[in-house]
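What follows is a short report on a single structure.
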Amino acid sequence: MTTDFTATRACFHLPEGVIYLDGNSLGPLPRAAAERVARTVSQEWGELIIRGWNKAGWMEQPARLGDRIARLIGAEAGTVVLGDTLSIKVYQALASALELTPTRRVILSDTGNFPSDLYMADGLCRTLGPDYILKTVAPEEVEAAIDETVAVLMLTEVDYRTGRKHDMAGLTARAHAAGALTVWDLAHTAGALPVDLAGSGADFAVGCTYKYLNAGPGGPAFIYVAPRHADVVRPALSGWLGHESPFAFDLAYRPGAGIERMRVGTPPVLQMAALEASLDVWDMADMADVRTRSIALCEAFIAGVEAACPDLALASPRDGDKRGSQVSFRHPQGYAIMQALISRGVIGDFRAPDILRFGFTPLYTTFDDVAGAVAILADIMATGAWDRPEFMARARVT
Ligand SMILES: *Cc1c(COP(=O)(O)O)cnc(C)c1O
């Protein structure tokens, strides 16, 4: 398949006058999602009410959509299920992985990881007892830190700040050689670049659907469990919908078959309707084409910014193969510069302490968007237009 990116762009509602470079944080609205959610509300919830669980397939939706995500991340069919938030799924994967390595007590991660993943790991350690520890090292030092004490290697493949990409297959092989298991967070991978989860040997993986997968704010997370573990793991968050037979209302928990056991409670049916519509757009895309275009868009942006804005320092790897689908630059006044950009219709985001972050999402980002963003950024830097009090006041979400 050759992806028609003009056709995929036409599937999105992009507000007039906006160059949107923040799809790595929240994807825009697929036009069909608005209609699909409205239909689910009026025809399914409205007309079927409780009958929707059986008649509209609500109960099967988490695994059915999981299979569609599996295709995008190189996972086997029947290994991915949706539900909850990514933070919860991190906890669940980690707890299950720790149970599979009962003689060890160390979770190894890196200091570039997203704080929520580290908070969840730390909280889990506190619950399990004083000998459990979360150890974090610099991203470049992860490989050397994998030793026989490590129970679980927990990493985010693509760094949320810089876009630096870990070698998932290589580090997984190192972890396995040391007797450890792996939990990979694909928050900035799913829908951003091709992954071969099955081939990488990963034990567990998690990710979210509201970033590159465009399922909308609050879209459910996903979890992957390798087939060799799927019927063995005991989910720490053992909710009724992960039970073998939820409507037996059994007092004893019996895990459901395979990936179904990683479900917890009632799924977010309306959010999943939006996800379903967004996955229809992904059916038009080939991940290899997406990656090729993403690298070209990122390179065009880096070249343009470096030529026009000498005060901005590239914070992302220069080599496209070592980067996800985002580009970051550092500047001490990064927050104000980003607010000035947003006021002129170029939407990226800011990550403390000094990172201006721009996501490149080939399904709807064009080379004209790149050129337009570079021109406006260059103008803001050359004129010092960012240096105004209204651009300094920090909003709650940056
Ligand atoms: C976006 C992101 C999260 C957010 O978790 P939620 O529970 O969905 O809010 C967690 N981890 C990583 C690595 C992320 O990029």
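Letters A, B, ... go to the chains of the structure tokens in the order shown; residues in each chain start at 1; ligands are counted from 1 in the same order.
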Go through chain A residue by residue and, counting only C-alpha atoms and all ligand atoms, keep those with an atom at most 9 Å from ligand 1; for each kept residue give the shortest atom pair and its distance in Å to one decimal, ordered by chain and increasing number, as a Markdown table.
```
| residue | atom | partner | partner_atom_place_in_ligand_line | distance |
| --- | --- | --- | --- | --- |
| A:Asn24 | CA | ligand 1 | 1 (C) | 8.6 |
| A:Ser25 | CA | ligand 1 | 1 (C) | 6.8 |
| A:Asp84 | CA | ligand 1 | 7 (O) | 8.0 |
| A:Thr85 | CA | ligand 1 | 7 (O) | 4.3 |
| A:Leu86 | CA | ligand 1 | 7 (O) | 3.8 |
| A:Ser87 | CA | ligand 1 | 7 (O) | 3.6 |
| A:Ile88 | CA | ligand 1 | 7 (O) | 6.3 |
| A:Lys89 | CA | ligand 1 | 7 (O) | 7.9 |
| A:Val90 | CA | ligand 1 | 11 (N) | 7.9 |
| A:Asn113 | CA | ligand 1 | 13 (C) | 6.4 |
| A:Phe114 | CA | ligand 1 | 13 (C) | 4.6 |
| A:Pro115 | CA | ligand 1 | 11 (N) | 7.2 |
| A:Ser116 | CA | ligand 1 | 10 (C) | 5.5 |
| A:Asp117 | CA | ligand 1 | 11 (N) | 5.4 |
| A:Leu118 | CA | ligand 1 | 11 (N) | 8.8 |
| A:Leu155 | CA | ligand 1 | 13 (C) | 8.4 |
| A:Thr156 | CA | ligand 1 | 13 (C) | 5.5 |
| A:Glu157 | CA | ligand 1 | 13 (C) | 8.4 |
| A:Val158 | CA | ligand 1 | 13 (C) | 8.0 |
| A:Asp159 | CA | ligand 1 | 13 (C) | 7.5 |
| A:Tyr160 | CA | ligand 1 | 15 (O) | 5.7 |
| A:Asp185 | CA | ligand 1 | 13 (C) | 5.8 |
| A:Leu186 | CA | ligand 1 | 13 (C) | 7.1 |
| A:Ala187 | CA | ligand 1 | 15 (O) | 4.6 |
| A:His188 | CA | ligand 1 | 15 (O) | 5.9 |
| A:Val206 | CA | ligand 1 | 11 (N) | 8.9 |
| A:Gly207 | CA | ligand 1 | 12 (C) | 7.5 |
| A:Cys208 | CA | ligand 1 | 8 (O) | 6.0 |
| A:Thr209 | CA | ligand 1 | 8 (O) | 8.5 |
| A:Tyr210 | CA | ligand 1 | 8 (O) | 8.1 |
| A:Lys211 | CA | ligand 1 | 1 (C) | 7.4 |
| A:Gly218 | CA | ligand 1 | 8 (O) | 7.4 |
| A:Gly219 | CA | ligand 1 | 8 (O) | 8.2 |
| A:Pro220 | CA | ligand 1 | 8 (O) | 7.8 |
| A:Ala221 | CA | ligand 1 | 8 (O) | 6.6 |
```
**Prompt:** What's the 10 Å shell around stretch 41-58 of chain A, counting only C-alpha atoms, without same-chain residues fewer than 5 positions away, as a count of residues only?
**Reply:** 10
**Message:** Can you pull out the residues contacting stretch 381-384 of chain A? Cut-off 12 Å, using only C-alpha atoms, and skip same-chain residues under 5 positions away; I want them as a PyMOL selection string.
**Reply:** chain A and resi 305-306+308-312+331+333-334+336-338+340-341+374-376+391
**Asked** For A:Tyr224, which residue out of A:Met392, A:Ala138, A:Val80, A:Met59 is the nearest one, using only C-alpha atoms?
**Response**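 The answer is A:Val80, which sits nearest to A:Tyr224.
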**Prompt:** Within 12 Å of A:Ala144, counting only C-alpha atoms, which residues qualify if same-chain residues fewer than 2 places away don't, as a ChimeraX atom specification?
**Reply:** /A:108,110,137-142,146-148,150,171,174-175,178
**Message:** Write out as a ChimeraX atom specification the set of residues from stretch 105-179 of chain A that DSSP, computed on the backbone, places in alpha helix (DSSP H).
**Reply:** /A:115-128,142-145,168-177
Restrict the selected residues to C-alpha atoms and save them as an mmCIF file, in the first residue's frame.
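Output contents, as saved in part04.cif:
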```
data_model
loop_
_atom_site.group_PDB
_atom_site.id
_atom_site.type_symbol
_atom_site.label_atom_id
_atom_site.label_comp_id
_atom_site.auth_asym_id
_atom_site.auth_seq_id
_atom_site.Cartn_x
_atom_site.Cartn_y
_atom_site.Cartn_z
ATOM 1 C CA PRO A 115 7.301 10.982 35.684
ATOM 2 C CA SER A 116 3.938 9.224 35.969
ATOM 3 C CA ASP A 117 5.561 5.892 35.063
ATOM 4 C CA LEU A 118 8.171 6.452 37.763
ATOM 5 C CA TYR A 119 5.572 7.558 40.322
ATOM 6 C CA MET A 120 3.505 4.443 39.640
ATOM 7 C CA ALA A 121 6.574 2.221 40.023
ATOM 8 C CA ASP A 122 7.563 3.962 43.222
ATOM 9 C CA GLY A 123 4.040 3.639 44.631
ATOM 10 C CA LEU A 124 3.965 -0.051 43.758
ATOM 11 C CA CYS A 125 7.303 -0.589 45.528
ATOM 12 C CA ARG A 126 5.920 1.073 48.660
ATOM 13 C CA THR A 127 2.900 -1.216 48.578
ATOM 14 C CA LEU A 128 4.999 -4.346 48.106
ATOM 15 C CA VAL A 142 20.567 1.652 31.087
ATOM 16 C CA GLU A 143 22.299 -1.145 29.252
ATOM 17 C CA ALA A 144 25.251 -1.245 31.654
ATOM 18 C CA ALA A 145 22.914 -1.196 34.670
ATOM 19 C CA MET A 168 13.850 -1.973 22.246
ATOM 20 C CA ALA A 169 14.966 -5.311 20.809
ATOM 21 C CA GLY A 170 18.564 -4.898 21.994
ATOM 22 C CA LEU A 171 17.694 -3.889 25.560
ATOM 23 C CA THR A 172 15.025 -6.582 25.797
ATOM 24 C CA ALA A 173 17.588 -9.203 24.788
ATOM 25 C CA ARG A 174 20.030 -7.835 27.412
ATOM 26 C CA ALA A 175 17.318 -7.931 30.076
ATOM 27 C CA HIS A 176 16.342 -11.493 29.200
ATOM 28 C CA ALA A 177 19.978 -12.601 29.263
#
```
Residues near stretch 8-14 of chain A, cut-off 8 Å, only C-alpha atoms, skip fewer than 6 positions along chain, as a PDB file with N, CA, C and O atoms, in the first residue's frame:
```
ATOM      1  N   TYR A  20      -0.882  22.702  13.402  1.00  0.00           N
ATOM      2  CA  TYR A  20      -0.935  21.885  14.609  1.00  0.00           C
ATOM      3  C   TYR A  20       0.269  20.948  14.709  1.00  0.00           C
ATOM      4  O   TYR A  20       0.388  19.998  13.941  1.00  0.00           O
ATOM      5  N   PRO A  28      -5.677  15.561  16.830  1.00  0.00           N
ATOM      6  CA  PRO A  28      -6.877  16.329  16.476  1.00  0.00           C
ATOM      7  C   PRO A  28      -8.072  15.410  16.222  1.00  0.00           C
ATOM      8  O   PRO A  28      -7.933  14.186  16.225  1.00  0.00           O
ATOM      9  N   LEU A  29      -9.202  16.022  15.978  1.00  0.00           N
ATOM     10  CA  LEU A  29     -10.465  15.288  15.817  1.00  0.00           C
ATOM     11  C   LEU A  29     -10.580  14.662  14.418  1.00  0.00           C
ATOM     12  O   LEU A  29     -10.613  15.394  13.429  1.00  0.00           O
ATOM     13  N   PRO A  30     -10.672  13.333  14.344  1.00  0.00           N
ATOM     14  CA  PRO A  30     -11.031  12.752  13.040  1.00  0.00           C
ATOM     15  C   PRO A  30     -12.505  13.098  12.785  1.00  0.00           C
ATOM     16  O   PRO A  30     -13.338  12.931  13.673  1.00  0.00           O
ATOM     17  N   ARG A  31     -12.800  13.625  11.595  1.00  0.00           N
ATOM     18  CA  ARG A  31     -14.181  14.070  11.322  1.00  0.00           C
ATOM     19  C   ARG A  31     -15.192  12.981  11.635  1.00  0.00           C
ATOM     20  O   ARG A  31     -16.254  13.240  12.201  1.00  0.00           O
ATOM     21  N   ALA A  32     -14.847  11.741  11.268  1.00  0.00           N
ATOM     22  CA  ALA A  32     -15.804  10.650  11.454  1.00  0.00           C
ATOM     23  C   ALA A  32     -16.045  10.351  12.934  1.00  0.00           C
ATOM     24  O   ALA A  32     -17.063   9.760  13.291  1.00  0.00           O
ATOM     25  N   VAL A 281      -9.048   5.712  10.086  1.00  0.00           N
ATOM     26  CA  VAL A 281      -8.060   6.505   9.343  1.00  0.00           C
ATOM     27  C   VAL A 281      -6.735   5.744   9.286  1.00  0.00           C
ATOM     28  O   VAL A 281      -6.071   5.699   8.239  1.00  0.00           O
ATOM     29  N   MET A 284      -5.992   3.414   6.505  1.00  0.00           N
ATOM     30  CA  MET A 284      -5.565   3.956   5.210  1.00  0.00           C
ATOM     31  C   MET A 284      -4.042   4.145   5.154  1.00  0.00           C
ATOM     32  O   MET A 284      -3.509   4.579   4.128  1.00  0.00           O
ATOM     33  N   ALA A 285      -3.362   3.875   6.258  1.00  0.00           N
ATOM     34  CA  ALA A 285      -1.938   4.227   6.352  1.00  0.00           C
ATOM     35  C   ALA A 285      -1.047   3.005   6.478  1.00  0.00           C
ATOM     36  O   ALA A 285      -1.397   2.031   7.148  1.00  0.00           O
ATOM     37  N   LEU A 363      -0.072  11.872   9.125  1.00  0.00           N
ATOM     38  CA  LEU A 363      -1.454  11.710   8.679  1.00  0.00           C
ATOM     39  C   LEU A 363      -2.076  13.059   8.336  1.00  0.00           C
ATOM     40  O   LEU A 363      -2.993  13.132   7.530  1.00  0.00           O
ATOM     41  N   TYR A 364      -1.603  14.122   8.999  1.00  0.00           N
ATOM     42  CA  TYR A 364      -2.218  15.437   8.699  1.00  0.00           C
ATOM     43  C   TYR A 364      -1.222  16.593   8.647  1.00  0.00           C
ATOM     44  O   TYR A 364      -1.600  17.719   8.347  1.00  0.00           O
ATOM     45  N   THR A 365       0.062  16.364   8.953  1.00  0.00           N
ATOM     46  CA  THR A 365       1.044  17.461   8.882  1.00  0.00           C
ATOM     47  C   THR A 365       1.663  17.504   7.479  1.00  0.00           C
ATOM     48  O   THR A 365       2.071  16.466   6.962  1.00  0.00           O
TER      49      THR A 365
END
```
**Prompt:** With distances taken over only C-alpha atoms, which of A:Gly199, A:Gly359, A:Gly216, A:Pro194 is nearest to A:Ala274?
**Reply:**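 Looking at the shortest contact to A:Ala274, the residue is A:Gly216.
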**Request:** For each of A:Gly242, A:Gly304, A:Arg39, A:Arg234, take the minimum atom-to-atom distance to A:Ala378, counting only C-alpha atoms, then give the residue where this is smallest.
**Result:**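 For A:Ala378, the nearest of the candidates is A:Gly304.
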**Item:** Between atom CA of A:Leu98 and atom CA of A:Ile133 - distance in Å to one decimal
**Value:**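 Rounded to one decimal, the two atoms are 11.5 Å apart.
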**One-decimal distance in Å that lies between atom CA of A:Val264 and atom CA of A:Thr79** =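 We find that atom CA of A:Thr79 and atom CA of A:Val264 lie 15.7 Å from each other.
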**Message:** Restricting the calculation to only C-alpha atoms: of A:Phe249, A:Trp240, A:Trp184, A:Tyr132, which residue gets closest to A:Ala93?
**Reply:**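 When distances to A:Ala93 are compared using only C-alpha atoms, the smallest one comes from A:Trp184.
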**Request:** Quick one: pick out all strand (DSSP E) residues within stretch 297-335 of chain A from a backbone DSSP run and write them as a PyMOL selection string.
**Result:** chain A and resi 313-314+326-330
